[in-house]
Amino acid sequence: MRYIFTALLFYSFLFSFDSASFKQTLKQDMSPQKLHDISKYLVGSKYTISPLGEAKGKDSDPTFRLDRFDCTTFVETSMALNMSTTVKQAKDILNLIRYDGDISFQNRRHLPVVLWTKGLIRDGFLKDITNHFKGFKTIYKQFDPSLLEDELKSVKIPKQKYSLNYLPLDKFIKHIKDIPSGTIINVVRKNRANKPIVVTHQMIYFKEKNKSFFRHASSYPKAEVVDENIKKSIDRFKRFKWPVVGFNLLLMKLP
């Protein structure tokens with residue numbers, strides 16, 4: 001039944017634009033340009049918190065869909081489509097990106113640094129390039145699983161210390177011409193002892209002709225996947241009560 005549901009989601013998505021064009025783009029080899037072009041089809045899709053799951057058990061949401069995203073599932077799905085030439089292949093690769101092992105709630109890479117970023121770097125999907133840019137800083141975090149929501153406490157993530165490089169917001173603007181198009185962005189917040197994480201949002205940075213922008217699934221301003229002006233986005237981040245200190249920069253790789 002879940003396969004029928006996923007198929008219906010996919011075909012309803014295709015009918016919303018030129019399906020032949022989407023499939024032709026999908027056939028291209030992985031590249032920053034393909035990541036830009038294939039993710040462009042997702043712009044305008046609705047923002048929904050946690051739209052993907054395991055299609056059964058604790059989270060019965062589908063394992064693959066192209067009509068709704070949160071910030072992480074948008075990045076994950078865009079990565080999977082970039083690395084694939086068919087939708088079937090994208091579904092399989094998305095599972096490799098989202099899970100450290102079998103498809104289960106326990107194995108899902110729930111947390112954006114401790115499980116997601118560290119795991120995808122280890123597994124060869126991502127490379128951290130933040131330290132390639134002058135002025136980067138490092139944040140050190142004591143991860144305390146007792147601060148997690150009850151739902152995630154069942155995952156039993158061990159208490160640990162970790163570090164994460166980030167480029168302060170002003171340094172990002174300074175180096176923007178040198179940052180590769182297709183860079184995946186972890187939005188890094190100020191380290192607070194009462195918060196279990198420091199990354200709260202994920203985006204993709206693109207250059208297109210004479211402009212650059214962030215493409216991301218966001219609750220602001222329209223609750224959908226949007227292309228957002230860099231300056232407007234950073235000015236908005238600066239106004240957050242929980243301060244955004246900078247961006248961690250990642251490049252896609254073939255594992």
# chains A, B, ... in the order shown; residues from 1 in each chain; ligands from 1
>>> residues_around(residues="Met30 of chain A", least_positions_apart="5", cutoff="10 Å", atoms="only C-alpha atoms", output="short mmCIF file (atom, residue, chain, number, x, y, z; two decimals) with C-alpha atoms, in the first residue's frame")
data_model
loop_
_atom_site.label_atom_id
_atom_site.label_comp_id
_atom_site.auth_asym_id
_atom_site.auth_seq_id
_atom_site.Cartn_x
_atom_site.Cartn_y
_atom_site.Cartn_z
CA LEU A 35 21.85 19.89 -8.28
CA MET A 79 21.24 15.17 -3.03
CA ALA A 80 19.62 11.83 -3.93
CA LEU A 81 18.20 13.20 -7.20
CA ASN A 82 21.57 14.72 -8.09
CA MET A 83 23.29 11.36 -7.60
CA SER A 84 20.66 9.41 -9.59
CA THR A 85 19.50 9.00 -13.17
CA MET A 252 28.56 16.58 -2.11
CA LYS A 253 30.73 13.61 -3.08
CA LEU A 254 30.19 10.23 -4.65
#
>>> residues_around(residues="Lys159 of chain A", least_positions_apart="3", cutoff="9 Å", atoms="only C-alpha atoms", output="ChimeraX atom specification")
/A:142-146
>>> write_last_selection(atoms="C-alpha atoms", output="short mmCIF file (atom, residue, chain, number, x, y, z; two decimals), in the first residue's frame")
data_model
loop_
_atom_site.label_atom_id
_atom_site.label_comp_id
_atom_site.auth_asym_id
_atom_site.auth_seq_id
_atom_site.Cartn_x
_atom_site.Cartn_y
_atom_site.Cartn_z
CA GLN A 142 28.97 18.85 24.87
CA PHE A 143 26.04 16.86 23.55
CA ASP A 144 23.63 15.87 26.29
CA PRO A 145 20.92 13.43 25.12
CA SER A 146 18.84 14.15 28.22
#
>>> closest_residue(among="A:Asp100, A:Arg68, A:Val87, A:Glu54", to="Gln24 of chain A", atoms="only C-alpha atoms")
A:Val87
>>> select_by_dssp(residues="segment 102-222 of chain A", states="alpha helix (DSSP H)", output="JSON, numbers by chain")
{"A": [118, 119, 120, 121, 122, 150, 151, 152, 153, 169, 170, 171, 172, 173, 174]}
>>> atom_distance(atom1="atom CA of Tyr162 of chain A", atom2="atom CA of Thr138 of chain A")
10.2 Å
>>> closest_residue(among="A:Ile97, A:Gly124, A:Arg192, A:Gly182", to="Lys34 of chain A", atoms="only C-alpha atoms")
A:Gly182
>>> residues_around(residues="Cys71 of chain A", least_positions_apart="2", cutoff="12 Å", atoms="only C-alpha atoms", output="ChimeraX atom specification")
/A:45-52,68-69,73-78,112,184-187,199-204,214-220,223-226
>>> decode(residues="segment 159-200 of chain A", atoms="N, CA and C atoms", output="mmCIF file, in the first residue's frame")
data_model
loop_
_atom_site.group_PDB
_atom_site.id
_atom_site.type_symbol
_atom_site.label_atom_id
_atom_site.label_comp_id
_atom_site.auth_asym_id
_atom_site.auth_seq_id
_atom_site.Cartn_x
_atom_site.Cartn_y
_atom_site.Cartn_z
ATOM 1 N N LYS A 159 26.050 10.280 25.051
ATOM 2 C CA LYS A 159 26.589 11.577 25.445
ATOM 3 C C LYS A 159 27.992 11.695 24.873
ATOM 4 N N GLN A 160 28.315 12.854 24.307
ATOM 5 C CA GLN A 160 29.614 12.993 23.630
ATOM 6 C C GLN A 160 29.983 14.453 23.441
ATOM 7 N N LYS A 161 31.267 14.688 23.162
ATOM 8 C CA LYS A 161 31.750 16.011 22.789
ATOM 9 C C LYS A 161 32.032 16.014 21.294
ATOM 10 N N TYR A 162 31.720 17.120 20.636
ATOM 11 C CA TYR A 162 32.056 17.228 19.222
ATOM 12 C C TYR A 162 32.400 18.674 18.894
ATOM 13 N N SER A 163 33.006 18.862 17.741
ATOM 14 C CA SER A 163 33.339 20.203 17.270
ATOM 15 C C SER A 163 32.787 20.377 15.862
ATOM 16 N N LEU A 164 32.550 21.622 15.481
ATOM 17 C CA LEU A 164 32.040 21.938 14.156
ATOM 18 C C LEU A 164 32.627 23.261 13.698
ATOM 19 N N ASN A 165 33.228 23.257 12.517
ATOM 20 C CA ASN A 165 33.749 24.497 11.948
ATOM 21 C C ASN A 165 32.616 25.314 11.348
ATOM 22 N N TYR A 166 32.737 26.617 11.434
ATOM 23 C CA TYR A 166 31.747 27.490 10.803
ATOM 24 C C TYR A 166 32.416 28.773 10.318
ATOM 25 N N LEU A 167 31.831 29.344 9.289
ATOM 26 C CA LEU A 167 32.281 30.617 8.744
ATOM 27 C C LEU A 167 31.328 31.684 9.255
ATOM 28 N N PRO A 168 31.829 32.643 10.055
ATOM 29 C CA PRO A 168 30.936 33.698 10.549
ATOM 30 C C PRO A 168 30.212 34.399 9.402
ATOM 31 N N LEU A 169 29.058 34.963 9.695
ATOM 32 C CA LEU A 169 28.219 35.540 8.653
ATOM 33 C C LEU A 169 28.944 36.591 7.820
ATOM 34 N N ASP A 170 29.726 37.461 8.464
ATOM 35 C CA ASP A 170 30.436 38.494 7.707
ATOM 36 C C ASP A 170 31.524 37.887 6.828
ATOM 37 N N LYS A 171 32.151 36.810 7.309
ATOM 38 C CA LYS A 171 33.184 36.137 6.511
ATOM 39 C C LYS A 171 32.556 35.410 5.322
ATOM 40 N N PHE A 172 31.355 34.872 5.509
ATOM 41 C CA PHE A 172 30.665 34.219 4.395
ATOM 42 C C PHE A 172 30.440 35.224 3.268
ATOM 43 N N ILE A 173 29.976 36.413 3.615
ATOM 44 C CA ILE A 173 29.757 37.456 2.609
ATOM 45 C C ILE A 173 31.085 37.837 1.947
ATOM 46 N N LYS A 174 32.131 37.921 2.733
ATOM 47 C CA LYS A 174 33.446 38.293 2.194
ATOM 48 C C LYS A 174 33.947 37.271 1.183
ATOM 49 N N HIS A 175 33.686 35.987 1.447
ATOM 50 C CA HIS A 175 34.210 34.912 0.591
ATOM 51 C C HIS A 175 33.186 34.403 -0.427
ATOM 52 N N ILE A 176 32.054 35.060 -0.545
ATOM 53 C CA ILE A 176 30.939 34.490 -1.291
ATOM 54 C C ILE A 176 31.289 34.149 -2.737
ATOM 55 N N LYS A 177 32.163 34.904 -3.358
ATOM 56 C CA LYS A 177 32.528 34.631 -4.753
ATOM 57 C C LYS A 177 33.343 33.352 -4.888
ATOM 58 N N ASP A 178 33.983 32.940 -3.798
ATOM 59 C CA ASP A 178 34.844 31.750 -3.835
ATOM 60 C C ASP A 178 34.138 30.490 -3.354
ATOM 61 N N ILE A 179 32.954 30.632 -2.771
ATOM 62 C CA ILE A 179 32.221 29.468 -2.267
ATOM 63 C C ILE A 179 31.538 28.783 -3.437
ATOM 64 N N PRO A 180 31.768 27.483 -3.630
ATOM 65 C CA PRO A 180 31.219 26.789 -4.803
ATOM 66 C C PRO A 180 29.701 26.749 -4.822
ATOM 67 N N SER A 181 29.133 26.909 -6.004
ATOM 68 C CA SER A 181 27.701 26.712 -6.170
ATOM 69 C C SER A 181 27.364 25.263 -5.842
ATOM 70 N N GLY A 182 26.251 25.058 -5.168
ATOM 71 C CA GLY A 182 25.877 23.714 -4.749
ATOM 72 C C GLY A 182 26.359 23.351 -3.366
ATOM 73 N N THR A 183 26.973 24.313 -2.657
ATOM 74 C CA THR A 183 27.434 24.057 -1.290
ATOM 75 C C THR A 183 26.231 23.887 -0.359
ATOM 76 N N ILE A 184 26.281 22.842 0.431
ATOM 77 C CA ILE A 184 25.229 22.586 1.421
ATOM 78 C C ILE A 184 25.582 23.317 2.705
ATOM 79 N N ILE A 185 24.611 24.009 3.246
ATOM 80 C CA ILE A 185 24.830 24.894 4.388
ATOM 81 C C ILE A 185 24.154 24.351 5.637
ATOM 82 N N ASN A 186 24.933 24.181 6.707
ATOM 83 C CA ASN A 186 24.382 23.984 8.041
ATOM 84 C C ASN A 186 24.357 25.347 8.729
ATOM 85 N N VAL A 187 23.188 25.804 9.148
ATOM 86 C CA VAL A 187 23.072 27.081 9.851
ATOM 87 C C VAL A 187 23.402 26.851 11.327
ATOM 88 N N VAL A 188 24.475 27.513 11.802
ATOM 89 C CA VAL A 188 25.017 27.252 13.142
ATOM 90 C C VAL A 188 24.584 28.350 14.110
ATOM 91 N N ARG A 189 23.993 27.934 15.212
ATOM 92 C CA ARG A 189 23.565 28.868 16.256
ATOM 93 C C ARG A 189 24.615 28.943 17.372
ATOM 94 N N LYS A 190 24.479 29.959 18.188
ATOM 95 C CA LYS A 190 25.340 30.108 19.351
ATOM 96 C C LYS A 190 25.168 28.902 20.272
ATOM 97 N N ASN A 191 26.277 28.419 20.805
ATOM 98 C CA ASN A 191 26.240 27.260 21.693
ATOM 99 C C ASN A 191 25.595 27.635 23.022
ATOM 100 N N ARG A 192 24.514 26.947 23.349
ATOM 101 C CA ARG A 192 23.838 27.173 24.618
ATOM 102 C C ARG A 192 23.733 25.856 25.362
ATOM 103 N N ALA A 193 24.060 25.899 26.643
ATOM 104 C CA ALA A 193 24.088 24.676 27.447
ATOM 105 C C ALA A 193 22.741 23.993 27.537
ATOM 106 N N ASN A 194 21.661 24.770 27.428
ATOM 107 C CA ASN A 194 20.316 24.190 27.568
ATOM 108 C C ASN A 194 19.739 23.710 26.236
ATOM 109 N N LYS A 195 20.541 23.765 25.174
ATOM 110 C CA LYS A 195 20.111 23.299 23.865
ATOM 111 C C LYS A 195 20.941 22.077 23.465
ATOM 112 N N PRO A 196 20.307 21.008 22.973
ATOM 113 C CA PRO A 196 21.063 19.799 22.629
ATOM 114 C C PRO A 196 21.813 19.908 21.304
ATOM 115 N N ILE A 197 21.489 20.916 20.479
ATOM 116 C CA ILE A 197 22.091 21.033 19.149
ATOM 117 C C ILE A 197 22.563 22.457 18.896
ATOM 118 N N VAL A 198 23.392 22.627 17.871
ATOM 119 C CA VAL A 198 23.801 23.966 17.446
ATOM 120 C C VAL A 198 23.368 24.254 16.007
ATOM 121 N N VAL A 199 23.035 23.218 15.232
ATOM 122 C CA VAL A 199 22.541 23.405 13.860
ATOM 123 C C VAL A 199 21.028 23.233 13.863
ATOM 124 N N THR A 200 20.328 24.248 13.358
ATOM 125 C CA THR A 200 18.862 24.225 13.398
ATOM 126 C C THR A 200 18.222 24.336 12.015
#
